[in-house]
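Have a look at data.txt; it's compact mmCIF, C-alpha atoms:
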# COMPACT_ATOMS: atom_id res chain seq x y z
CA MET A 150 -0.32 -26.10 -30.39
CA GLU A 151 -0.43 -28.45 -27.46
CA PHE A 152 2.17 -26.29 -25.78
CA PHE A 153 -0.15 -23.28 -26.09
CA GLU A 154 -3.17 -25.12 -24.77
CA GLN A 155 -1.41 -26.64 -21.78
CA LEU A 156 1.22 -24.16 -20.72
CA ILE A 157 0.26 -20.67 -21.92
CA ILE A 158 -3.51 -20.28 -22.08
CA PRO A 159 -4.38 -21.74 -18.64
CA LYS A 160 -1.34 -20.09 -17.03
CA PHE A 161 -1.21 -16.75 -18.85
CA ASN A 162 -1.21 -14.82 -15.53
CA TYR A 163 2.19 -16.32 -14.65
CA TRP A 164 3.59 -15.40 -18.08
CA ILE A 165 2.48 -11.80 -17.61
CA TYR A 166 3.98 -11.61 -14.14
CA VAL A 167 7.29 -13.15 -15.22
CA ILE A 168 7.60 -10.80 -18.21
CA LEU A 169 6.79 -7.70 -16.12
CA MET A 170 9.11 -8.84 -13.36
CA MET A 171 12.00 -9.35 -15.79
CA ILE A 172 11.40 -5.90 -17.34
CA GLY A 173 11.68 -4.45 -13.84
CA MET A 174 14.73 -6.54 -12.99
CA ARG A 175 16.55 -5.53 -16.17
CA ALA A 176 15.85 -1.88 -15.40
CA MET A 177 17.22 -2.37 -11.89
CA ILE A 178 20.48 -4.06 -12.87
CA ALA A 179 21.26 -2.61 -16.33
CA LYS A 180 20.17 1.03 -16.14
CA ASN A 181 22.65 3.65 -15.02
CA ASN A 182 20.26 6.30 -13.73
CA LEU A 183 19.02 5.90 -10.15
CA VAL A 184 15.48 7.09 -10.95
CA LYS A 185 15.26 4.57 -13.81
CA LYS A 186 16.31 1.89 -11.33
CA LEU A 187 13.47 3.00 -9.03
CA ILE A 188 10.99 2.80 -11.93
CA GLY A 189 12.26 -0.73 -12.49
CA MET A 190 11.72 -1.51 -8.82
CA ALA A 191 8.13 -0.22 -9.04
CA ILE A 192 7.46 -2.41 -12.10
CA PHE A 193 8.96 -5.39 -10.26
CA GLN A 194 6.68 -4.69 -7.30
CA THR A 195 3.62 -4.38 -9.54
CA ALA A 196 4.46 -7.75 -11.10
CA ILE A 197 4.44 -9.38 -7.66
CA ILE A 198 1.15 -7.67 -6.77
CA LEU A 199 -0.43 -8.96 -10.01
CA PHE A 200 0.96 -12.42 -9.27
CA TYR A 201 -0.58 -12.54 -5.79
CA VAL A 202 -3.96 -11.19 -6.87
CA SER A 203 -4.12 -13.60 -9.80
CA ILE A 204 -3.55 -16.57 -7.44
CA GLY A 205 -6.71 -15.64 -5.55
CA VAL A 206 -8.96 -15.70 -8.62
CA LYS A 207 -11.65 -18.38 -8.77
CA GLU A 208 -13.47 -19.18 -11.99
CA GLY A 209 -16.93 -17.54 -11.88
CA ALA A 210 -16.50 -16.14 -8.36
CA ASN A 211 -17.55 -12.73 -7.07
CA ILE A 212 -15.64 -10.16 -4.97
CA PRO A 213 -14.98 -11.34 -1.40
CA ILE A 214 -17.82 -9.34 0.17
CA LEU A 215 -20.80 -11.27 1.50
CA ASP A 216 -24.36 -10.20 0.75
CA HIS A 217 -26.24 -8.89 3.74
CA HIS A 218 -28.87 -11.62 3.57
CA MET A 219 -26.24 -14.32 3.22
CA MET A 220 -25.74 -15.17 6.83
CA PRO A 221 -24.65 -18.51 8.24
CA GLY A 222 -27.62 -20.79 8.84
CA GLU A 223 -27.20 -21.61 12.51
CA ILE A 224 -27.36 -17.95 13.66
CA HIS A 225 -29.62 -16.01 11.31
CA GLY A 226 -31.46 -18.66 9.31
CA GLY A 227 -30.09 -17.34 6.00
CA ASP A 228 -28.45 -19.12 3.07
CA PRO A 229 -25.18 -20.92 3.82
CA VAL A 230 -22.03 -19.39 2.33
CA VAL A 231 -20.70 -21.24 -0.75
CA VAL A 232 -16.92 -20.92 -0.69
CA ALA A 233 -16.55 -21.24 -4.48
CA GLU A 234 -18.68 -18.12 -5.04
CA PHE A 235 -16.18 -15.73 -3.43
CA ALA A 236 -12.68 -14.88 -4.55
CA ASN A 237 -9.88 -15.77 -2.14
CA PRO A 238 -9.63 -12.78 0.28
CA LEU A 239 -6.14 -13.53 1.59
CA PRO A 240 -4.04 -12.33 -1.42
CA HIS A 241 -6.15 -9.16 -1.53
CA VAL A 242 -5.36 -8.44 2.11
CA LEU A 243 -1.65 -9.06 1.67
CA MET A 244 -1.41 -6.85 -1.44
CA LEU A 245 -3.59 -4.09 0.04
CA THR A 246 -1.00 -3.39 2.69
CA ALA A 247 1.87 -4.05 0.26
CA ILE A 248 0.66 -1.32 -2.11
CA VAL A 249 0.58 1.38 0.58
CA VAL A 250 3.86 0.26 2.09
CA GLY A 251 5.30 0.23 -1.45
CA VAL A 252 4.30 3.86 -1.95
CA ALA A 253 5.90 4.84 1.36
CA THR A 254 9.14 3.01 0.63
CA LEU A 255 9.23 4.39 -2.92
CA GLY A 256 8.88 7.87 -1.41
CA LEU A 257 11.81 7.12 0.87
CA ALA A 258 13.88 5.92 -2.10
CA LEU A 259 13.06 9.11 -4.03
CA ALA A 260 14.03 11.19 -0.98
CA MET A 261 17.37 9.38 -0.87
CA SER A 262 17.97 10.00 -4.57
CA GLN A 263 17.20 13.70 -4.05
CA LYS A 264 19.78 13.72 -1.26
CA ILE A 265 22.30 11.97 -3.54
CA TYR A 266 21.66 14.56 -6.23
CA ARG A 267 22.20 17.31 -3.68
CA ALA A 268 25.54 15.78 -2.66
CA TYR A 269 26.97 14.76 -6.07
CA GLY A 270 25.05 16.86 -8.60
CA THR A 271 24.11 13.80 -10.67
CA LEU A 272 21.95 10.69 -10.55
CA GLU A 273 24.10 8.65 -12.97
CA GLU A 274 25.61 5.75 -11.09
CA ASP A 275 29.03 5.74 -12.81
CA ASP A 276 29.47 9.49 -12.22
CA ILE A 277 28.66 9.04 -8.53
CA LEU A 278 31.05 6.08 -8.29
CA SER A 279 33.92 8.00 -9.92
CA GLN A 280 33.29 10.93 -7.53
CA ILE A 281 33.33 8.58 -4.54
CA LYS A 282 36.62 7.05 -5.75
CA LEU A 283 38.19 10.49 -6.22
CA GLU A 284 37.24 11.83 -2.83
CA PRO A 285 39.99 10.31 -0.59
CA ASN A 286 42.68 11.95 -2.79
CA ASP A 287 41.11 15.42 -2.60
CA MET B 56 28.01 -5.36 -19.02
CA LYS B 57 24.61 -4.73 -20.60
CA GLY B 58 24.86 -8.09 -22.36
CA LEU B 59 25.59 -9.80 -19.05
CA ALA B 60 22.54 -8.13 -17.49
CA LEU B 61 20.38 -9.27 -20.41
CA PHE B 62 21.69 -12.81 -20.03
CA ALA B 63 20.98 -12.82 -16.27
CA VAL B 64 17.45 -11.51 -16.83
CA ALA B 65 16.71 -13.95 -19.64
CA PHE B 66 18.08 -16.86 -17.60
CA THR B 67 16.03 -15.96 -14.51
CA GLY B 68 12.92 -15.41 -16.64
CA ALA B 69 13.38 -18.77 -18.35
CA LEU B 70 13.74 -20.50 -14.97
CA LEU B 71 10.60 -18.80 -13.63
CA LEU B 72 8.62 -19.65 -16.78
CA TYR B 73 9.83 -23.26 -16.56
CA ALA B 74 8.53 -23.36 -12.98
CA THR B 75 5.08 -22.09 -13.98
CA GLY B 76 4.42 -25.51 -15.52
CA ASP B 77 3.89 -26.83 -11.98
CA PHE B 78 1.66 -23.94 -10.92
CA PRO B 79 -2.12 -24.29 -10.66
CA ASP B 80 -4.18 -23.09 -13.62
CA TRP B 81 -5.78 -19.63 -13.74
CA GLY B 82 -8.93 -19.52 -11.61
CA SER B 83 -8.75 -23.12 -10.40
CA LEU B 84 -10.86 -23.80 -7.32
CA ASP B 85 -8.62 -26.48 -5.78
CA SER B 86 -5.26 -24.71 -5.96
CA PRO B 87 -3.32 -24.66 -2.67
CA ALA B 88 -4.22 -21.00 -2.16
CA ASN B 89 -7.92 -21.26 -3.00
CA GLY B 90 -8.72 -24.71 -1.68
CA GLY B 91 -6.65 -24.41 1.49
CA GLU B 92 -8.14 -24.49 4.95
CA LEU B 93 -7.26 -20.89 5.76
CA SER B 94 -9.15 -19.00 3.06
CA THR B 95 -12.03 -21.47 3.28
CA HIS B 96 -12.31 -20.72 6.98
CA TYR B 97 -12.26 -16.98 6.35
CA ILE B 98 -15.09 -17.11 3.79
CA LYS B 99 -17.25 -19.57 5.74
CA GLU B 100 -16.90 -18.29 9.27
CA VAL B 101 -16.31 -14.55 8.90
CA ARG B 102 -19.96 -13.61 9.29
CA LYS B 103 -20.45 -15.87 12.29
CA GLU B 104 -17.26 -14.76 14.03
CA THR B 105 -17.14 -11.04 13.29
CA GLU B 106 -20.42 -9.85 11.68
CA VAL B 107 -18.40 -8.10 8.94
CA PRO B 108 -19.56 -8.80 5.36
CA ASN B 109 -16.34 -7.51 3.74
CA ILE B 110 -14.02 -10.48 4.24
CA VAL B 111 -10.95 -8.48 3.23
CA THR B 112 -11.52 -5.92 6.00
CA ALA B 113 -12.16 -8.65 8.55
CA VAL B 114 -8.97 -10.52 7.65
CA LEU B 115 -6.98 -7.29 7.48
CA ALA B 116 -8.02 -5.78 10.80
CA ASP B 117 -8.92 -8.81 12.87
CA TYR B 118 -7.46 -12.18 11.84
CA ARG B 119 -4.21 -10.61 10.61
CA GLY B 120 -4.33 -7.57 12.88
CA PHE B 121 -0.77 -8.01 14.07
CA ASP B 122 0.54 -7.98 10.49
CA THR B 123 -1.46 -4.86 9.64
CA MET B 124 -0.24 -3.09 12.75
CA PHE B 125 3.37 -3.51 11.74
CA GLU B 126 2.60 -2.60 8.11
CA THR B 127 1.26 0.67 9.51
CA VAL B 128 4.42 1.03 11.58
CA VAL B 129 6.44 0.53 8.37
CA VAL B 130 4.51 3.38 6.73
CA PHE B 131 5.11 5.53 9.82
CA VAL B 132 8.83 4.74 9.91
CA ALA B 133 9.14 5.48 6.18
CA GLY B 134 7.51 8.88 6.77
CA ILE B 135 9.86 9.64 9.66
CA ALA B 136 12.85 8.48 7.61
CA ILE B 137 11.92 10.78 4.70
CA ILE B 138 11.85 13.73 7.09
CA ALA B 139 15.17 12.62 8.58
CA VAL B 140 16.81 12.22 5.15
CA LEU B 141 15.39 15.17 3.27
CA ARG B 142 14.19 17.83 5.69
CA ASP B 143 16.21 21.01 5.24
CA PHE B 144 15.75 23.65 7.92
CA GLY B 145 17.93 26.19 6.10
CA ASN B 146 16.92 28.39 3.18
CA GLY B 147 16.94 25.46 0.77
CA SER B 148 19.52 26.77 -1.71
CA ARG B 149 22.26 24.49 -0.40
CA GLY B 150 23.93 22.45 -3.09
CA TYR B 151 21.52 23.20 -5.93
CA PRO B 152 22.45 24.71 -9.26
CA PRO B 153 20.81 28.15 -9.56
CA ALA B 154 18.70 27.07 -12.55
CA LEU B 155 16.63 24.90 -10.20
CA ALA B 156 15.69 27.76 -7.86
CA ASN B 157 11.97 28.26 -7.45
CA ASN B 158 10.44 31.13 -9.37
CA LEU B 159 6.71 30.55 -9.12
CA PRO B 160 4.19 33.17 -10.21
CA GLU B 161 2.83 35.14 -7.27
CA GLU B 162 -0.85 34.30 -7.74
CA PRO B 163 -2.09 30.71 -8.17
CA ASP B 164 -4.28 30.17 -11.24
CA LEU B 165 -7.95 31.08 -10.63
CA ILE B 166 -9.53 28.16 -12.54
CA VAL B 167 -7.31 25.58 -10.85
CA THR B 168 -7.89 26.88 -7.32
CA GLN B 169 -11.65 27.25 -7.77
CA THR B 170 -11.99 23.74 -9.25
CA CYS B 171 -9.96 22.31 -6.39
CA ASN B 172 -12.12 24.20 -3.88
CA LEU B 173 -15.11 22.38 -5.36
CA VAL B 174 -13.46 18.97 -5.56
CA ILE B 175 -11.62 18.82 -2.23
CA PRO B 176 -14.63 18.79 0.17
CA VAL B 177 -16.32 16.06 -1.87
CA LEU B 178 -13.07 14.10 -1.96
CA GLN B 179 -12.64 14.36 1.79
CA ILE B 180 -16.23 13.32 2.54
CA PHE B 181 -15.84 10.39 0.15
CA ALA B 182 -12.57 9.42 1.85
CA LEU B 183 -14.32 9.36 5.22
CA TYR B 184 -17.12 7.26 3.69
CA VAL B 185 -14.59 4.80 2.28
CA LEU B 186 -12.97 4.58 5.72
CA ALA B 187 -16.17 4.20 7.75
CA HIS B 188 -18.02 1.97 5.28
CA GLY B 189 -15.07 -0.39 4.83
CA HIS B 190 -16.94 -3.14 6.68
CA HIS B 191 -19.69 -3.37 4.07
CA SER B 192 -18.15 -2.24 0.79
CA PRO B 193 -14.66 -2.07 -0.70
CA GLY B 194 -12.66 0.29 1.49
CA GLY B 195 -10.97 0.63 4.84
CA GLY B 196 -8.22 2.48 6.58
CA PHE B 197 -5.52 2.28 3.92
CA GLN B 198 -7.80 3.31 1.04
CA GLY B 199 -9.55 6.07 2.98
CA GLY B 200 -6.25 7.33 4.33
CA VAL B 201 -4.68 7.51 0.88
CA MET B 202 -7.70 9.43 -0.45
CA LEU B 203 -7.60 11.85 2.47
CA GLY B 204 -3.88 12.34 1.93
CA ALA B 205 -4.56 12.91 -1.79
CA SER B 206 -6.98 15.72 -0.90
CA TYR B 207 -4.22 17.55 0.99
CA ILE B 208 -1.84 16.92 -1.93
CA LEU B 209 -4.47 18.50 -4.21
CA ILE B 210 -4.54 21.59 -1.96
CA ALA B 211 -0.75 21.72 -2.20
CA LEU B 212 -0.86 21.34 -6.00
CA ALA B 213 -3.45 24.08 -6.44
CA ASN B 214 -2.35 26.65 -3.86
CA GLY B 215 1.25 25.75 -3.15
CA VAL B 216 2.76 23.63 -0.40
CA GLU B 217 2.86 26.56 2.02
CA ALA B 218 -0.92 27.03 1.82
CA ALA B 219 -1.46 23.33 2.49
CA MET B 220 1.08 23.47 5.33
CA LYS B 221 -1.07 26.15 7.01
CA ILE B 222 -3.93 23.63 7.15
CA LEU B 223 -1.83 20.58 8.06
CA SER B 224 1.42 21.80 9.57
CA GLU B 225 4.46 19.60 10.02
CA ARG B 226 3.78 19.40 13.75
CA LYS B 227 0.24 18.20 13.05
CA ILE B 228 1.52 15.67 10.49
CA LEU B 229 3.89 14.10 13.00
CA LEU B 230 1.24 14.17 15.74
CA MET B 231 -1.32 12.59 13.40
CA ALA B 232 1.03 9.83 12.24
CA ALA B 233 1.94 8.95 15.81
CA THR B 234 -1.71 9.13 16.95
CA GLY B 235 -2.65 6.55 14.33
CA ILE B 236 -0.13 4.05 15.65
CA LEU B 237 -1.25 4.87 19.19
CA ILE B 238 -4.93 4.19 18.36
CA TYR B 239 -4.04 0.88 16.74
CA SER B 240 -1.68 -0.43 19.40
CA GLY B 241 -3.83 1.13 22.13
CA THR B 242 -6.80 -0.96 21.01
CA GLY B 243 -4.57 -4.01 21.25
CA LEU B 244 -3.29 -2.95 24.65
CA VAL B 245 -6.83 -2.51 26.02
CA CYS B 246 -7.54 -6.11 25.00
CA LEU B 247 -4.36 -7.14 26.83
CA LEU B 248 -5.40 -5.22 29.96
CA LEU B 249 -8.83 -6.85 29.92
CA GLY B 250 -7.12 -10.22 30.25
CA GLU B 251 -7.03 -11.52 26.68
CA ASN B 252 -4.39 -11.70 23.96
CA PHE B 253 -3.04 -8.58 22.24
CA LEU B 254 -5.54 -7.45 19.53
CA ASP B 255 -8.09 -10.11 20.57
CA TYR B 256 -11.04 -7.77 20.17
CA HIS B 257 -13.96 -9.84 21.44
CA VAL B 258 -13.04 -9.05 25.04
CA LEU B 259 -13.85 -5.36 24.35
CA SER B 260 -17.52 -6.24 24.85
CA ARG B 261 -16.86 -5.70 28.56
CA ILE B 262 -16.32 -1.97 28.01
CA LEU B 263 -18.39 -1.45 24.85
CA PRO B 264 -22.19 -1.83 25.07
CA THR B 265 -22.24 -4.74 22.58
CA ASP B 266 -21.89 -8.50 22.43
CA PRO B 267 -18.45 -10.06 21.79
CA ILE B 268 -19.08 -10.54 18.04
CA MET B 269 -20.10 -6.93 17.41
CA ALA B 270 -17.18 -5.81 19.60
CA ARG B 271 -14.84 -7.33 17.02
CA SER B 272 -16.64 -5.41 14.27
CA HIS B 273 -16.40 -2.11 16.17
CA ALA B 274 -12.77 -2.64 17.15
CA MET B 275 -11.97 -3.07 13.45
CA LEU B 276 -13.32 0.44 12.88
CA PHE B 277 -11.02 1.76 15.64
CA VAL B 278 -7.91 0.20 14.18
CA GLU B 279 -8.85 1.22 10.62
CA THR B 280 -9.21 4.79 11.87
CA GLY B 281 -5.72 4.54 13.33
CA VAL B 282 -4.39 3.26 10.01
CA ALA B 283 -6.13 6.11 8.16
CA PHE B 284 -4.55 8.73 10.46
CA THR B 285 -1.04 7.43 9.85
CA VAL B 286 -1.46 6.89 6.10
CA THR B 287 -3.00 10.36 5.57
CA ALA B 288 -0.20 12.11 7.43
CA VAL B 289 2.60 10.11 5.82
CA MET B 290 1.25 10.43 2.25
CA PHE B 291 1.02 14.20 2.56
CA SER B 292 4.38 14.42 4.29
CA ILE B 293 6.05 12.41 1.50
CA TYR B 294 4.61 14.71 -1.16
CA ALA B 295 5.41 17.93 0.68
CA ASN B 296 9.00 16.93 1.39
CA LEU B 297 9.71 15.58 -2.09
CA ALA B 298 8.09 18.48 -3.96
CA THR B 299 9.97 21.16 -2.03
CA ARG B 300 13.26 19.24 -1.61
CA GLY B 301 12.73 19.18 2.15
CA THR B 302 12.30 22.92 2.64
CA LEU B 303 8.46 22.88 2.80
CA LYS B 304 8.61 26.28 1.09
CA GLY B 305 7.54 27.12 -2.45
CA GLY B 306 7.69 24.03 -4.62
CA LEU B 307 4.76 22.82 -6.68
Output the structure of this file as structure tokens.
Amino acid sequence: MEFFEQLIIPKFNYWIYVILMMIGMRAMIAKNNLVKKLIGMAIFQTAIILFYVSIGVKEGANIPILDHHMMPGEIHGGDPVVVAEFANPLPHVLMLTAIVVGVATLGLALAMSQKIYRAYGTLEEDDILSQIKLEPND
Amino acid sequence: MKGLALFAVAFTGALLLYATGDFPDWGSLDSPANGGELSTHYIKEVRKETEVPNIVTAVLADYRGFDTMFETVVVFVAGIAIIAVLRDFGNGSRGYPPALANNLPEEPDLIVTQTCNLVIPVLQIFALYVLAHGHHSPGGGFQGGVMLGASYILIALANGVEAAMKILSERKILLMAATGILIYSGTGLVCLLLGENFLDYHVLSRILPTDPIMARSHAMLFVETGVAFTVTAVMFSIYANLATRGTLKGGL
């Protein structure tokens, strides 16, 4: 019980990210089909995105967008900004670009697998490998 | 072999889970990431330094502008690489089994095309709103660009890739993607020419009719527009090339 209260409940975000990441990693190393490997890579990537975003969470905080009346005192005479009221913006920024770049690189990977299918007529890794090994003798 | 993979995955997972014991708790305020000087500075000073209420946009386009510029370049390079890998200037039948040849019906479905005709203008206007209002609400160049690209993908889904290619031809896609990078790096270069660091926007107040703080806010809109150009073009290019196996003819 103590184990649950100290290591799982307050750190459940890390458990989720590790489990998702390992699902993705198993798909990448154990599956034979190239598209299944890419699905595994996408799951792996999603796990890292969840990990980063979950680091930036603050208990009871709002989204990292300031209210319009909440301006720093010395310039506009408004309320001072309380740091604990806003979620950490930095992980959001890093993952925002990572998501779009991830889509672009996933598109490139799919393009390459289409090209491989065009050249070998299959996406199964062992079939491709046996064809590559046969080629010098042809 | 599969057993070995399972063992490797289980071992790595166990190591990572063992390490989480030292990680900060969910939502803690004084974790290294949340309590650190960097994010505290962003939240406290962003309004004073840039006049942008959306901290994420300010960090993305201003404080970490160099990072975002090269992320955009990565998207651009990925788009170029997809064209280089997949683009097929022949008739497209090369190397495919005949069962995969395209035999689409001549006429696109009426309900689908009419619904898309209603949805697409709204989607594009909303994408431009997300792009331009990214300083004050969730949004920005990447999000707006993806939505704008999605609207062209919707045209391609409803009417065929060739119909969408008439609106946004391959030449225009390449021009648009390159223009986006040019707008972004050009904004940085103007700052350099005005005697400050690359992408140090406050110096733009000398050529824009604003004070240095608002100049940073406006320059963020410029670079976000550049990002949106590149992302729109590359997203549509990825779809068009993948769906038609590089021929840009027929397909979905």
Checklist entry - Hey, what's within 10 Å of stretch 177-179 of chain A if we count all atoms listed in the file and toss same-chain stuff fewer than 5 positions away? As a list in words, please? => result Met171, Ile172, Val184, Lys185, Lys186, Leu187, Ile188, Gly189, Met190, Ala191, Ile192 and Phe193 of chain A; Met56, Lys57, Gly58, Leu59, Ala60, Leu61, Ala63 and Val64 of chain B
Next on the checklist: Which residue is closest to chain A? Choose from B:Ile236, B:Ile137, B:Leu244, B:Val107 and count all atoms listed in the file.
Outcome noted: B:Ile137
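Closest to chain B among A:Leu183, A:Ile197, A:Ile158, A:Ile281 is A:Ile158, based on all atoms listed in the file.
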Checklist outcome for this item: Between atom CA of A:Gly209 and atom CA of B:Tyr73 lies a distance of 27.8 Å
Item to check | Atom pair atom CA of B:Asp80 / atom CA of B:Val111: separation (Å) | outcome: 23.3 Å
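Atom CA of B:Ala187 lies 7.0 Å from atom CA of B:Leu276.
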Distance query B:Gly241 at most 12 Å, only C-alpha atoms, self and fewer than 3 positions along chain excluded, as a PDB file with C-alpha atoms, keeping the file's coordinate frame:
ATOM      1  CA  MET B 124      -0.240  -3.090  12.750  1.00  0.00           C
ATOM      2  CA  ALA B 233       1.940   8.950  15.810  1.00  0.00           C
ATOM      3  CA  THR B 234      -1.710   9.130  16.950  1.00  0.00           C
ATOM      4  CA  GLY B 235      -2.650   6.550  14.330  1.00  0.00           C
ATOM      5  CA  ILE B 236      -0.130   4.050  15.650  1.00  0.00           C
ATOM      6  CA  LEU B 237      -1.250   4.870  19.190  1.00  0.00           C
ATOM      7  CA  ILE B 238      -4.930   4.190  18.360  1.00  0.00           C
ATOM      8  CA  LEU B 244      -3.290  -2.950  24.650  1.00  0.00           C
ATOM      9  CA  VAL B 245      -6.830  -2.510  26.020  1.00  0.00           C
ATOM     10  CA  CYS B 246      -7.540  -6.110  25.000  1.00  0.00           C
ATOM     11  CA  LEU B 247      -4.360  -7.140  26.830  1.00  0.00           C
ATOM     12  CA  LEU B 248      -5.400  -5.220  29.960  1.00  0.00           C
ATOM     13  CA  PHE B 253      -3.040  -8.580  22.240  1.00  0.00           C
ATOM     14  CA  LEU B 254      -5.540  -7.450  19.530  1.00  0.00           C
ATOM     15  CA  TYR B 256     -11.040  -7.770  20.170  1.00  0.00           C
ATOM     16  CA  ALA B 274     -12.770  -2.640  17.150  1.00  0.00           C
ATOM     17  CA  PHE B 277     -11.020   1.760  15.640  1.00  0.00           C
ATOM     18  CA  VAL B 278      -7.910   0.200  14.180  1.00  0.00           C
ATOM     19  CA  GLY B 281      -5.720   4.540  13.330  1.00  0.00           C
TER      20      GLY B 281
END
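For chain B, the residues having at least one atom no farther than 6 Å from chain A, when counting all atoms listed in the file, are Lys57, Ala60, Val64, Asp80, Trp81, Gly82, Ser83, Leu84, Asn89, Lys99, Pro108, Asn109, Ile110, Val111, Leu115, Val130, Ala133, Ile137, Leu141 and Gly150 of chain B.
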So that I have them on file, write out the residues from the current selection with C-alpha atoms, as a short mmCIF file (atom, residue, chain, number, x, y, z; two decimals), in the frame of the given file.
data_model
loop_
_atom_site.label_atom_id
_atom_site.label_comp_id
_atom_site.auth_asym_id
_atom_site.auth_seq_id
_atom_site.Cartn_x
_atom_site.Cartn_y
_atom_site.Cartn_z
CA LYS B 57 24.61 -4.73 -20.60
CA ALA B 60 22.54 -8.13 -17.49
CA VAL B 64 17.45 -11.51 -16.83
CA ASP B 80 -4.18 -23.09 -13.62
CA TRP B 81 -5.78 -19.63 -13.74
CA GLY B 82 -8.93 -19.52 -11.61
CA SER B 83 -8.75 -23.12 -10.40
CA LEU B 84 -10.86 -23.80 -7.32
CA ASN B 89 -7.92 -21.26 -3.00
CA LYS B 99 -17.25 -19.57 5.74
CA PRO B 108 -19.56 -8.80 5.36
CA ASN B 109 -16.34 -7.51 3.74
CA ILE B 110 -14.02 -10.48 4.24
CA VAL B 111 -10.95 -8.48 3.23
CA LEU B 115 -6.98 -7.29 7.48
CA VAL B 130 4.51 3.38 6.73
CA ALA B 133 9.14 5.48 6.18
CA ILE B 137 11.92 10.78 4.70
CA LEU B 141 15.39 15.17 3.27
CA GLY B 150 23.93 22.45 -3.09
#
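Taking all atoms listed in the file, the non-local environment of B:Arg226 within 12 Å (same-chain residues fewer than 6 positions away omitted) comprises Ile138, Met220, Ala232, Ala233, Ala288 and Ser292 of chain B.
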Next on the checklist: With only C-alpha atoms as the counted atoms, please give the residues lying no more than 12 Å from stretch 177-186 of chain B, apart from itself and same-chain residues fewer than 3 positions off, as a VMD selection string.
Outcome noted: chain B and resid 112 170 to 174 189 to 210 275 to 284 286 to 287
